[in-house]
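Source file: input.cif. Holds: mmCIF, C-alpha atoms (C1' of nucleotides).
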```cif
data_start
loop_
_atom_site.group_PDB
_atom_site.id
_atom_site.type_symbol
_atom_site.label_atom_id
_atom_site.label_comp_id
_atom_site.auth_asym_id
_atom_site.auth_seq_id
_atom_site.Cartn_x
_atom_site.Cartn_y
_atom_site.Cartn_z
ATOM 1 C CA MET A 8 137.019 7.805 98.721
ATOM 2 C CA PRO A 9 134.009 9.383 100.308
ATOM 3 C CA GLU A 10 133.330 7.936 103.721
ATOM 4 C CA LEU A 11 130.287 8.658 105.826
ATOM 5 C CA PRO A 12 131.566 12.082 106.965
ATOM 6 C CA GLU A 13 132.036 13.231 103.374
ATOM 7 C CA VAL A 14 128.614 11.932 102.413
ATOM 8 C CA GLU A 15 126.959 13.677 105.331
ATOM 9 C CA THR A 16 128.926 16.867 104.654
ATOM 10 C CA THR A 17 127.795 16.718 101.037
ATOM 11 C CA ARG A 18 124.178 16.253 102.078
ATOM 12 C CA ARG A 19 124.305 19.196 104.449
ATOM 13 C CA GLY A 20 126.160 21.349 101.923
ATOM 14 C CA ILE A 21 123.694 20.864 99.081
ATOM 15 C CA GLN A 22 120.569 20.882 101.242
ATOM 16 C CA PRO A 23 119.800 24.626 101.078
ATOM 17 C CA TYR A 24 120.005 24.569 97.272
ATOM 18 C CA VAL A 25 118.028 21.383 96.809
ATOM 19 C CA LEU A 26 115.306 21.011 99.406
ATOM 20 C CA GLN A 27 111.851 22.167 98.257
ATOM 21 C CA LYS A 28 113.394 23.170 94.927
ATOM 22 C CA LYS A 29 112.093 22.120 91.555
ATOM 23 C CA LEU A 30 114.267 20.012 89.315
ATOM 24 C CA GLU A 31 114.133 21.733 85.935
ATOM 25 C CA ARG A 32 116.055 19.204 83.917
ATOM 26 C CA VAL A 33 118.248 16.122 84.206
ATOM 27 C CA ILE A 34 121.172 15.732 81.821
ATOM 28 C CA ILE A 35 122.741 12.289 81.670
ATOM 29 C CA ARG A 36 125.991 12.205 79.710
ATOM 30 C CA GLN A 37 127.158 8.820 80.957
ATOM 31 C CA PRO A 38 124.502 6.395 82.201
ATOM 32 C CA MET A 39 126.948 3.533 82.783
ATOM 33 C CA LEU A 40 127.771 3.825 86.446
ATOM 34 C CA ARG A 41 127.972 0.805 88.721
ATOM 35 C CA TRP A 42 124.526 0.008 87.408
ATOM 36 C CA PRO A 43 123.083 1.786 84.383
ATOM 37 C CA ILE A 44 120.891 4.765 85.220
ATOM 38 C CA ALA A 45 117.283 3.856 84.414
ATOM 39 C CA ASP A 46 116.051 5.282 81.094
ATOM 40 C CA GLU A 47 112.857 6.398 82.798
ATOM 41 C CA LEU A 48 114.624 8.538 85.421
ATOM 42 C CA PRO A 49 114.454 11.950 83.649
ATOM 43 C CA LEU A 50 110.802 11.331 82.788
ATOM 44 C CA LYS A 51 110.016 10.558 86.413
ATOM 45 C CA ILE A 52 111.705 13.519 88.105
ATOM 46 C CA THR A 53 111.830 16.391 85.605
ATOM 47 C CA GLY A 54 109.652 19.231 86.877
ATOM 48 C CA GLN A 55 109.245 17.579 90.271
ATOM 49 C CA LYS A 56 110.053 19.169 93.609
ATOM 50 C CA ILE A 57 112.639 17.582 95.907
ATOM 51 C CA THR A 58 110.710 17.242 99.135
ATOM 52 C CA GLN A 59 113.243 15.344 101.246
ATOM 53 C CA LEU A 60 117.013 14.998 101.427
ATOM 54 C CA THR A 61 118.197 12.278 103.767
ATOM 55 C CA ARG A 62 121.024 9.818 104.183
ATOM 56 C CA ARG A 63 121.149 6.100 104.984
ATOM 57 C CA GLY A 64 124.657 4.755 105.362
ATOM 58 C CA LYS A 65 126.553 6.212 102.421
ATOM 59 C CA TYR A 66 123.453 6.571 100.282
ATOM 60 C CA ILE A 67 121.942 10.018 99.767
ATOM 61 C CA LEU A 68 118.167 9.896 99.262
ATOM 62 C CA PHE A 69 116.389 12.535 97.208
ATOM 63 C CA GLY A 70 112.702 12.269 98.025
ATOM 64 C CA PHE A 71 110.064 13.211 95.443
ATOM 65 C CA ARG A 72 106.289 12.989 95.625
ATOM 66 C CA ASN A 73 106.356 10.013 93.261
ATOM 67 C CA GLY A 74 109.452 8.148 94.436
ATOM 68 C CA THR A 75 113.033 8.326 95.651
ATOM 69 C CA LEU A 76 116.352 8.780 93.898
ATOM 70 C CA LEU A 77 119.106 6.792 95.623
ATOM 71 C CA LEU A 78 122.601 8.106 95.035
ATOM 72 C CA HIS A 79 125.880 6.529 96.119
ATOM 73 C CA LEU A 80 129.229 8.237 95.551
ATOM 74 C CA GLY A 81 131.178 4.992 95.273
ATOM 75 C CA MET A 82 134.812 5.704 95.890
ATOM 76 C CA SER A 83 135.534 8.617 93.600
ATOM 77 C CA GLY A 84 132.173 10.310 93.260
ATOM 78 C CA SER A 85 131.209 13.823 94.283
ATOM 79 C CA LEU A 86 128.233 16.151 94.104
ATOM 80 C CA ARG A 87 128.967 19.827 93.583
ATOM 81 C CA LEU A 88 126.856 22.888 93.034
ATOM 82 C CA VAL A 89 128.097 24.824 90.035
ATOM 83 C CA ALA A 90 126.889 27.884 88.158
ATOM 84 C CA LYS A 91 124.556 27.228 85.260
ATOM 85 C CA ASN A 92 127.064 28.171 82.577
ATOM 86 C CA THR A 93 129.777 25.811 83.859
ATOM 87 C CA GLN A 94 131.076 23.541 81.102
ATOM 88 C CA PRO A 95 131.125 19.856 82.034
ATOM 89 C CA GLY A 96 134.419 18.008 82.340
ATOM 90 C CA LYS A 97 135.310 14.491 81.270
ATOM 91 C CA HIS A 98 133.844 12.743 84.313
ATOM 92 C CA ASP A 99 130.835 14.965 84.920
ATOM 93 C CA HIS A 100 128.253 12.280 84.219
ATOM 94 C CA VAL A 101 124.994 13.792 85.424
ATOM 95 C CA ASP A 102 123.592 17.310 85.892
ATOM 96 C CA PHE A 103 120.552 17.965 88.036
ATOM 97 C CA VAL A 104 119.517 21.397 86.818
ATOM 98 C CA LEU A 105 117.854 23.457 89.546
ATOM 99 C CA SER A 106 116.426 26.964 89.248
ATOM 100 C CA SER A 107 119.606 28.834 90.169
ATOM 101 C CA LYS A 108 122.372 26.216 89.987
ATOM 102 C CA ILE A 109 123.372 22.834 88.680
ATOM 103 C CA LEU A 110 123.922 19.939 91.054
ATOM 104 C CA ARG A 111 126.664 18.066 89.227
ATOM 105 C CA PHE A 112 127.578 14.397 89.761
ATOM 106 C CA THR A 113 131.206 13.636 88.975
ATOM 107 C CA ASP A 114 132.766 10.189 89.256
ATOM 108 C CA PRO A 115 136.026 9.258 87.478
ATOM 109 C CA ARG A 116 135.906 5.570 88.430
ATOM 110 C CA ARG A 117 132.162 5.167 88.044
ATOM 111 C CA PHE A 118 131.744 3.013 91.156
ATOM 112 C CA GLY A 119 128.921 5.311 92.153
ATOM 113 C CA SER A 120 125.269 4.664 91.446
ATOM 114 C CA ILE A 121 122.036 6.531 90.787
ATOM 115 C CA LEU A 122 118.840 4.527 91.168
ATOM 116 C CA TRP A 123 115.124 5.250 91.080
ATOM 117 C CA THR A 124 112.588 3.526 93.289
ATOM 118 C CA GLU A 125 108.894 4.037 93.826
ATOM 119 C CA GLN A 126 108.585 1.743 96.818
ATOM 120 C CA ASP A 127 109.402 2.723 100.405
ATOM 121 C CA PRO A 128 113.142 3.385 99.954
ATOM 122 C CA MET A 129 114.035 1.634 103.202
ATOM 123 C CA GLN A 130 112.521 -1.540 101.715
ATOM 124 C CA HIS A 131 114.732 -1.263 98.647
ATOM 125 C CA LYS A 132 117.065 -4.240 98.410
ATOM 126 C CA LEU A 133 120.150 -2.034 98.737
ATOM 127 C CA LEU A 134 118.904 -0.567 102.010
ATOM 128 C CA ASN A 135 116.706 -3.155 103.680
ATOM 129 C CA HIS A 136 119.540 -5.275 105.061
ATOM 130 C CA LEU A 137 121.607 -2.400 106.476
ATOM 131 C CA GLY A 138 122.675 -2.300 110.113
ATOM 132 C CA PRO A 139 122.239 0.708 112.418
ATOM 133 C CA GLU A 140 123.691 4.167 111.847
ATOM 134 C CA PRO A 141 126.926 4.498 113.841
ATOM 135 C CA LEU A 142 125.927 7.866 115.307
ATOM 136 C CA GLU A 143 122.544 6.681 116.517
ATOM 137 C CA GLU A 144 121.599 5.040 119.814
ATOM 138 C CA THR A 145 120.685 1.696 118.255
ATOM 139 C CA PHE A 146 124.394 1.146 117.625
ATOM 140 C CA SER A 147 124.994 0.117 121.217
ATOM 141 C CA THR A 148 127.554 -1.906 123.136
ATOM 142 C CA GLU A 149 124.929 -4.546 123.824
ATOM 143 C CA TYR A 150 124.015 -4.811 120.132
ATOM 144 C CA LEU A 151 127.579 -4.999 118.844
ATOM 145 C CA TYR A 152 128.722 -7.426 121.530
ATOM 146 C CA LYS A 153 125.834 -9.807 120.850
ATOM 147 C CA LYS A 154 126.341 -9.669 117.090
ATOM 148 C CA SER A 155 130.026 -10.423 117.489
ATOM 149 C CA ARG A 156 129.750 -13.587 119.540
ATOM 150 C CA HIS A 157 131.192 -16.620 117.768
ATOM 151 C CA ARG A 158 132.172 -14.496 114.807
ATOM 152 C CA LYS A 159 135.488 -15.620 113.372
ATOM 153 C CA THR A 160 136.009 -12.642 111.130
ATOM 154 C CA PRO A 161 138.698 -10.075 112.008
ATOM 155 C CA ILE A 162 137.331 -7.139 114.001
ATOM 156 C CA LYS A 163 138.207 -4.721 111.200
ATOM 157 C CA ASN A 164 136.139 -6.639 108.635
ATOM 158 C CA PHE A 165 133.373 -6.951 111.209
ATOM 159 C CA ILE A 166 132.968 -3.204 111.766
ATOM 160 C CA MET A 167 133.217 -2.568 108.011
ATOM 161 C CA ASP A 168 130.325 -4.972 107.356
ATOM 162 C CA SER A 169 127.286 -2.836 106.497
ATOM 163 C CA LYS A 170 124.934 -5.503 107.841
ATOM 164 C CA ILE A 171 126.522 -4.911 111.257
ATOM 165 C CA VAL A 172 126.832 -1.123 111.096
ATOM 166 C CA VAL A 173 126.787 1.229 108.116
ATOM 167 C CA GLY A 174 129.200 3.905 107.044
ATOM 168 C CA ILE A 175 132.503 2.713 108.478
ATOM 169 C CA GLY A 176 134.919 2.578 105.577
ATOM 170 C CA ASN A 177 138.524 1.558 105.483
ATOM 171 C CA ILE A 178 140.000 4.850 106.707
ATOM 172 C CA TYR A 179 137.888 5.212 109.822
ATOM 173 C CA ALA A 180 138.007 1.501 110.660
ATOM 174 C CA ASN A 181 141.801 1.780 110.811
ATOM 175 C CA GLU A 182 141.617 4.966 112.875
ATOM 176 C CA ALA A 183 139.006 3.767 115.367
ATOM 177 C CA LEU A 184 140.874 0.508 116.014
ATOM 178 C CA PHE A 185 144.081 2.415 116.624
ATOM 179 C CA LEU A 186 142.388 4.757 119.093
ATOM 180 C CA THR A 187 140.914 1.765 120.915
ATOM 181 C CA GLY A 188 144.161 -0.213 120.993
ATOM 182 C CA ILE A 189 142.669 -3.214 119.195
ATOM 183 C CA ARG A 190 144.702 -5.098 116.614
ATOM 184 C CA PRO A 191 142.709 -5.237 113.337
ATOM 185 C CA THR A 192 143.283 -8.995 112.974
ATOM 186 C CA LEU A 193 141.784 -9.875 116.342
ATOM 187 C CA LEU A 194 138.683 -12.011 115.772
ATOM 188 C CA ALA A 195 135.427 -10.159 116.433
ATOM 189 C CA GLY A 196 134.244 -12.942 118.751
ATOM 190 C CA LYS A 197 137.308 -12.466 120.970
ATOM 191 C CA VAL A 198 136.851 -8.766 121.664
ATOM 192 C CA SER A 199 135.595 -7.986 125.169
ATOM 193 C CA LYS A 200 132.450 -6.045 125.965
ATOM 194 C CA THR A 201 134.546 -3.300 127.563
ATOM 195 C CA LYS A 202 136.595 -2.944 124.386
ATOM 196 C CA TYR A 203 133.432 -2.783 122.276
ATOM 197 C CA GLN A 204 132.132 0.011 124.468
ATOM 198 C CA LEU A 205 135.354 1.946 123.912
ATOM 199 C CA LEU A 206 135.376 1.092 120.203
ATOM 200 C CA ILE A 207 131.889 2.512 119.709
ATOM 201 C CA LYS A 208 132.934 5.684 121.496
ATOM 202 C CA ASN A 209 135.961 6.037 119.219
ATOM 203 C CA ILE A 210 134.016 5.263 116.032
ATOM 204 C CA ARG A 211 131.641 8.085 116.937
ATOM 205 C CA LEU A 212 134.557 10.340 117.801
ATOM 206 C CA VAL A 213 136.396 9.938 114.480
ATOM 207 C CA LEU A 214 133.203 10.198 112.442
ATOM 208 C CA SER A 215 131.791 13.233 114.223
ATOM 209 C CA GLN A 216 135.141 15.040 114.228
ATOM 210 C CA ALA A 217 135.403 14.506 110.494
ATOM 211 C CA ILE A 218 131.841 15.728 109.942
ATOM 212 C CA GLN A 219 132.622 18.810 112.021
ATOM 213 C CA GLN A 220 135.765 19.452 109.984
ATOM 214 C CA GLY A 221 133.795 18.933 106.816
ATOM 215 C CA GLY A 222 131.544 21.732 107.929
ATOM 216 C CA THR A 223 134.441 24.124 107.748
ATOM 217 C CA THR A 224 135.111 23.209 104.116
ATOM 218 C CA LEU A 225 131.458 23.382 103.121
ATOM 219 C CA GLN A 226 132.140 26.183 100.679
ATOM 220 C CA ASP A 227 134.016 23.660 98.565
ATOM 221 C CA PHE A 228 130.759 21.951 97.771
ATOM 222 C CA VAL A 229 128.837 25.094 97.024
ATOM 223 C CA GLY A 230 131.721 26.952 95.410
ATOM 224 C CA GLY A 231 132.716 24.082 93.222
ATOM 225 C CA ASP A 232 136.453 24.653 92.964
ATOM 226 C CA GLY A 233 137.884 23.002 96.053
ATOM 227 C CA ASN A 234 137.987 19.361 96.902
ATOM 228 C CA PRO A 235 136.165 18.134 99.976
ATOM 229 C CA GLY A 236 139.373 16.774 101.492
ATOM 230 C CA TYR A 237 139.694 13.498 103.286
ATOM 231 C CA PHE A 238 140.688 15.016 106.602
ATOM 232 C CA LYS A 239 144.109 13.471 106.011
ATOM 233 C CA GLN A 240 145.839 15.946 108.271
ATOM 234 C CA GLN A 241 144.480 14.305 111.400
ATOM 235 C CA LEU A 242 144.739 10.635 110.470
ATOM 236 C CA LYS A 243 146.936 8.747 112.911
ATOM 237 C CA VAL A 244 147.499 5.462 111.044
ATOM 238 C CA TYR A 245 145.797 5.417 107.631
ATOM 239 C CA GLY A 246 148.314 6.191 104.896
ATOM 240 C CA ARG A 247 151.157 6.269 107.425
ATOM 241 C CA ALA A 248 152.655 2.765 107.068
ATOM 242 C CA GLY A 249 156.323 2.773 108.051
ATOM 243 C CA GLU A 250 156.006 6.142 109.777
ATOM 244 C CA PRO A 251 156.308 6.382 113.569
ATOM 245 C CA CYS A 252 153.310 5.658 115.779
ATOM 246 C CA VAL A 253 152.096 8.906 117.338
ATOM 247 C CA ASN A 254 152.127 7.209 120.752
ATOM 248 C CA CYS A 255 155.199 4.960 120.924
ATOM 249 C CA LYS A 256 157.168 6.086 117.843
ATOM 250 C CA LYS A 257 157.585 2.525 116.551
ATOM 251 C CA PRO A 258 157.065 2.213 112.788
ATOM 252 C CA LEU A 259 153.459 1.421 111.836
ATOM 253 C CA LYS A 260 152.835 -1.891 110.089
ATOM 254 C CA GLU A 261 150.765 -2.501 106.987
ATOM 255 C CA ILE A 262 148.932 -5.720 106.085
ATOM 256 C CA ARG A 263 146.011 -6.650 103.816
ATOM 257 C CA LEU A 264 142.701 -7.631 105.326
ATOM 258 C CA GLY A 265 139.739 -8.349 103.091
ATOM 259 C CA GLN A 266 141.701 -6.867 100.158
ATOM 260 C CA ARG A 267 142.010 -3.583 102.057
ATOM 261 C CA SER A 268 145.078 -1.749 103.221
ATOM 262 C CA THR A 269 145.323 -2.107 106.989
ATOM 263 C CA VAL A 270 147.720 -0.029 109.072
ATOM 264 C CA TYR A 271 148.320 -0.498 112.784
ATOM 265 C CA CYS A 272 150.841 -0.257 115.590
ATOM 266 C CA SER A 273 152.002 -3.677 116.735
ATOM 267 C CA HIS A 274 152.980 -2.214 120.086
ATOM 268 C CA CYS A 275 149.888 -0.126 120.933
ATOM 269 C CA GLN A 276 147.285 -2.445 119.382
ATOM 270 C CA ARG A 277 146.872 -5.921 120.890
ATOM 271 C "C1'" DC B 94 123.950 -18.779 107.895
ATOM 272 C "C1'" DG B 95 129.113 -17.062 107.733
ATOM 273 C "C1'" DG B 96 133.333 -16.364 105.399
ATOM 274 C "C1'" DA B 97 136.313 -15.868 101.376
ATOM 275 C "C1'" DC B 98 136.774 -14.070 97.140
ATOM 276 C "C1'" DT B 99 135.701 -11.548 92.622
ATOM 277 C "C1'" DC B 100 134.593 -7.800 90.027
ATOM 278 C "C1'" DC B 101 133.389 -3.133 88.400
ATOM 279 C "C1'" DC B 102 136.708 1.393 86.658
ATOM 280 C "C1'" DT B 103 140.477 4.627 85.891
ATOM 281 C "C1'" DG B 104 144.008 7.872 87.962
ATOM 282 C "C1'" DC B 105 148.202 7.415 89.737
ATOM 283 C "C1'" DC B 106 152.678 5.599 90.911
ATOM 284 C "C1'" DG B 107 156.869 3.033 90.400
ATOM 285 C "C1'" DG B 108 159.922 0.649 87.380
ATOM 286 C "C1'" DC B 109 162.372 0.393 83.315
ATOM 287 C "C1'" DT C 130 160.509 11.141 78.581
ATOM 288 C "C1'" DG C 131 157.150 7.683 77.741
ATOM 289 C "C1'" DC C 132 155.080 3.417 78.278
ATOM 290 C "C1'" DC C 133 153.133 -0.217 80.978
ATOM 291 C "C1'" DG C 134 151.751 -3.139 84.782
ATOM 292 C "C1'" DG C 135 149.817 -3.106 89.078
ATOM 293 C "C1'" DC C 136 147.288 -1.154 92.673
ATOM 294 C "C1'" DA C 137 143.412 1.077 95.327
ATOM 295 C "C1'" DG C 138 138.879 0.829 96.911
ATOM 296 C "C1'" DG C 139 132.744 0.375 98.340
ATOM 297 C "C1'" DG C 140 130.075 -3.027 98.369
ATOM 298 C "C1'" DA C 141 126.992 -6.250 95.772
ATOM 299 C "C1'" DG C 142 127.169 -10.765 94.129
ATOM 300 C "C1'" DT C 143 128.728 -15.561 93.995
ATOM 301 C "C1'" DC C 144 130.297 -19.735 95.742
ATOM 302 C "C1'" DC C 145 131.073 -23.173 99.207
#
```
Could you show the structure in this file as structure tokens?
Amino acid sequence: MPELPEVETTRRGIQPYVLQKKLERVIIRQPMLRWPIADELPLKITGQKITQLTRRGKYILFGFRNGTLLLHLGMSGSLRLVAKNTQPGKHDHVDFVLSSKILRFTDPRRFGSILWTEQDPMQHKLLNHLGPEPLEETFSTEYLYKKSRHRKTPIKNFIMDSKIVVGIGNIYANEALFLTGIRPTLLAGKVSKTKYQLLIKNIRLVLSQAIQQGGTTLQDFVGGDGNPGYFKQQLKVYGRAGEPCVNCKKPLKEIRLGQRSTVYCSHCQR
DNA sequence: CGGACTCCCTGCCGGC
DNA sequence: TGCCGGCAGGGAGTCC
């Protein structure tokens, strides 16, 4: 399940091989992703140079002179650089053939998406409603506190809402709430300004640590044989239900919130 | 508008 | 050992 750190790590990893490079060919083996890949896509981008490579939330944006390719990894997607003679596997749905390598999109569960737009990408309907980037200044205590007033949704759902702030998936929502000592079920409208200030700090901490760690496994993306890893080794609550809390040693609890697995310490999180 | 819920897909895990 | 049911999960879409 790629979260923002994996997406950003992917973007940084592929950047040197992609930016200002010409796309020689696009091979689509399976167009049925979350939405079907537009028939016109190869026609639009074959032979074109990739002039920009940016990220908005968990979307990676490939900028061309004539438009933008929006790519989302869904929950099982990945982008890897592989040698040109590499045979595709079962779930290798799309190849972007560059001059020296292939940028290969793999996605077993096909929750990912690849879209083409010729308008300003930020005005695209998948991007135009998105909240601020969690690592940027606009994601401030003042902003989050104001947005949260009178909200009756649990704090965990609130910070996972992309209209509020982008890029906080289930894993890091669990982790940030643990670090801040906030119970995931607490209603967003009931969280104090002081706690929001601390929560923002911890969201940035877990995300930036994971991005930093991702940097050390960058060769996985360019080498093509490793997996990017989910930074599991340093997770304090996610995937640890029933195991002792790292602070108080009491067993961690697991509940479902918004259909998502939610793990917390009933002693340390109030 | 907010909040609750559904659905897309398939690898994996537990139960028998 | 093999089969099968159920689960996980990002996030758009729908409904009230």
Evaluate the PyMOL selection byres ((chain C and resi 134) around 12) here and jot the selected residues down as a PDB file with C-alpha atoms (C1' of nucleotides), in the frame of the given file.
```pdb
ATOM      1  C1'  DC B 106     152.678   5.599  90.911  1.00  0.00           C
ATOM      2  C1'  DG B 107     156.869   3.033  90.400  1.00  0.00           C
ATOM      3  C1'  DG B 108     159.922   0.649  87.380  1.00  0.00           C
ATOM      4  C1'  DC B 109     162.372   0.393  83.315  1.00  0.00           C
TER       5       DC B 109
ATOM      6  C1'  DC C 132     155.080   3.417  78.278  1.00  0.00           C
ATOM      7  C1'  DC C 133     153.133  -0.217  80.978  1.00  0.00           C
ATOM      8  C1'  DG C 135     149.817  -3.106  89.078  1.00  0.00           C
ATOM      9  C1'  DC C 136     147.288  -1.154  92.673  1.00  0.00           C
TER      10       DC C 136
END
```
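Between CA of Ile34 (chain A) and CA of Asn92 (chain A) the separation is 13.8 Å.
Here CA of Thr53 (chain A) stands at a distance of 8.3 Å from CA of Lys29 (chain A).
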Quiz item: If you count all atoms listed in the file, which residues fall within 12 Å of DC145 (chain C), apart from same-chain ones fewer than 4 positions away, as an MDAnalysis selection string?
Solution: chainID B and resid 95:98
Could you list, as a compact mmCIF listing (two decimals) with C-alpha atoms (C1' of nucleotides), in the coordinates of the input, every residue of chain B that has an atom within 7 Å of an atom of chain A, counting all atoms listed in the file?
```
# COMPACT_ATOMS: atom_id res chain seq x y z
C1' DC B 101 133.39 -3.13 88.40
C1' DC B 102 136.71 1.39 86.66
C1' DT B 103 140.48 4.63 85.89
```
Quiz item: If you measure from CA of Leu184 (chain A) to CA of Glu261 (chain A), what distance in Å do you get, rounded to one decimal?
Solution: 13.7 Å
Quiz item: chain C residues within 12 Å of chain A, counting all atoms listed in the file: which ones, as a VMD selection string?
Solution: chain C and resid 136 to 141
Practice problem: For Val14 (chain A), please output as a VMD selection string all residues within 12 Å (counting only C-alpha atoms (C1' of nucleotides); exclusion window: fewer than 4 positions along the same chain). | Solution: chain A and resid 8 to 10 18 to 21 61 to 68 78 to 87 174 to 176 214 217 to 218 221 to 222 225 228 235 to 237
Explicit residues for the PyMOL selection byres ((chain A and resi 193-201) around 9) (as a PDB file with C-alpha atoms, keeping the file's coordinate frame):
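Below is the file expr_20.pdb, written as the result:
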```pdb
ATOM      1  CA  THR A 148     127.554  -1.906 123.136  1.00  0.00           C
ATOM      2  CA  GLU A 149     124.929  -4.546 123.824  1.00  0.00           C
ATOM      3  CA  LEU A 151     127.579  -4.999 118.844  1.00  0.00           C
ATOM      4  CA  TYR A 152     128.722  -7.426 121.530  1.00  0.00           C
ATOM      5  CA  LYS A 154     126.341  -9.669 117.090  1.00  0.00           C
ATOM      6  CA  SER A 155     130.026 -10.423 117.489  1.00  0.00           C
ATOM      7  CA  ARG A 156     129.750 -13.587 119.540  1.00  0.00           C
ATOM      8  CA  HIS A 157     131.192 -16.620 117.768  1.00  0.00           C
ATOM      9  CA  ARG A 158     132.172 -14.496 114.807  1.00  0.00           C
ATOM     10  CA  LYS A 159     135.488 -15.620 113.372  1.00  0.00           C
ATOM     11  CA  THR A 160     136.009 -12.642 111.130  1.00  0.00           C
ATOM     12  CA  PRO A 161     138.698 -10.075 112.008  1.00  0.00           C
ATOM     13  CA  ILE A 162     137.331  -7.139 114.001  1.00  0.00           C
ATOM     14  CA  LYS A 163     138.207  -4.721 111.200  1.00  0.00           C
ATOM     15  CA  ASN A 164     136.139  -6.639 108.635  1.00  0.00           C
ATOM     16  CA  PHE A 165     133.373  -6.951 111.209  1.00  0.00           C
ATOM     17  CA  ILE A 166     132.968  -3.204 111.766  1.00  0.00           C
ATOM     18  CA  ILE A 189     142.669  -3.214 119.195  1.00  0.00           C
ATOM     19  CA  ARG A 190     144.702  -5.098 116.614  1.00  0.00           C
ATOM     20  CA  PRO A 191     142.709  -5.237 113.337  1.00  0.00           C
ATOM     21  CA  THR A 192     143.283  -8.995 112.974  1.00  0.00           C
ATOM     22  CA  LYS A 202     136.595  -2.944 124.386  1.00  0.00           C
ATOM     23  CA  TYR A 203     133.432  -2.783 122.276  1.00  0.00           C
ATOM     24  CA  GLN A 204     132.132   0.011 124.468  1.00  0.00           C
ATOM     25  CA  LEU A 205     135.354   1.946 123.912  1.00  0.00           C
ATOM     26  CA  LEU A 206     135.376   1.092 120.203  1.00  0.00           C
ATOM     27  CA  ARG A 277     146.872  -5.921 120.890  1.00  0.00           C
TER      28      ARG A 277
END
```
Give, as AutoDock Vina command-line options, the centre coordinates and the x, y and z edge lengths in Å to one decimal for an axis-aligned box around all listed atoms of chain C, padded by 6 Å on each side.
```
--center_x 143.8 --center_y -6.0 --center_z 88.5 --size_x 45.5 --size_y 46.3 --size_z 33.5
```
Practice problem: Given the file shown, enumerate the residues that the PyMOL selection byres ((chain A and resi 121) around 7) captures and present them as a PyMOL selection string. | Solution: chain A and resi 44+76-79+120+122
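For region 181-183 of chain A, the residues within 8 Å (counting all atoms listed in the file, excluding itself and residues fewer than 2 positions away along the chain) are Lys163, Asn177, Ile178, Tyr179, Phe185, Leu186, Thr187, Pro191, Leu206, Asn209, Ile210, Val213, Leu242, Lys243, Val244, Tyr245, Thr269, Val270 and Tyr271 of chain A.
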Same residues, C-alpha atoms, saved as a PDB file, in the frame of the given file:
```pdb
ATOM      1  CA  LYS A 163     138.207  -4.721 111.200  1.00  0.00           C
ATOM      2  CA  ASN A 177     138.524   1.558 105.483  1.00  0.00           C
ATOM      3  CA  ILE A 178     140.000   4.850 106.707  1.00  0.00           C
ATOM      4  CA  TYR A 179     137.888   5.212 109.822  1.00  0.00           C
ATOM      5  CA  PHE A 185     144.081   2.415 116.624  1.00  0.00           C
ATOM      6  CA  LEU A 186     142.388   4.757 119.093  1.00  0.00           C
ATOM      7  CA  THR A 187     140.914   1.765 120.915  1.00  0.00           C
ATOM      8  CA  PRO A 191     142.709  -5.237 113.337  1.00  0.00           C
ATOM      9  CA  LEU A 206     135.376   1.092 120.203  1.00  0.00           C
ATOM     10  CA  ASN A 209     135.961   6.037 119.219  1.00  0.00           C
ATOM     11  CA  ILE A 210     134.016   5.263 116.032  1.00  0.00           C
ATOM     12  CA  VAL A 213     136.396   9.938 114.480  1.00  0.00           C
ATOM     13  CA  LEU A 242     144.739  10.635 110.470  1.00  0.00           C
ATOM     14  CA  LYS A 243     146.936   8.747 112.911  1.00  0.00           C
ATOM     15  CA  VAL A 244     147.499   5.462 111.044  1.00  0.00           C
ATOM     16  CA  TYR A 245     145.797   5.417 107.631  1.00  0.00           C
ATOM     17  CA  THR A 269     145.323  -2.107 106.989  1.00  0.00           C
ATOM     18  CA  VAL A 270     147.720  -0.029 109.072  1.00  0.00           C
ATOM     19  CA  TYR A 271     148.320  -0.498 112.784  1.00  0.00           C
TER      20      TYR A 271
END
```
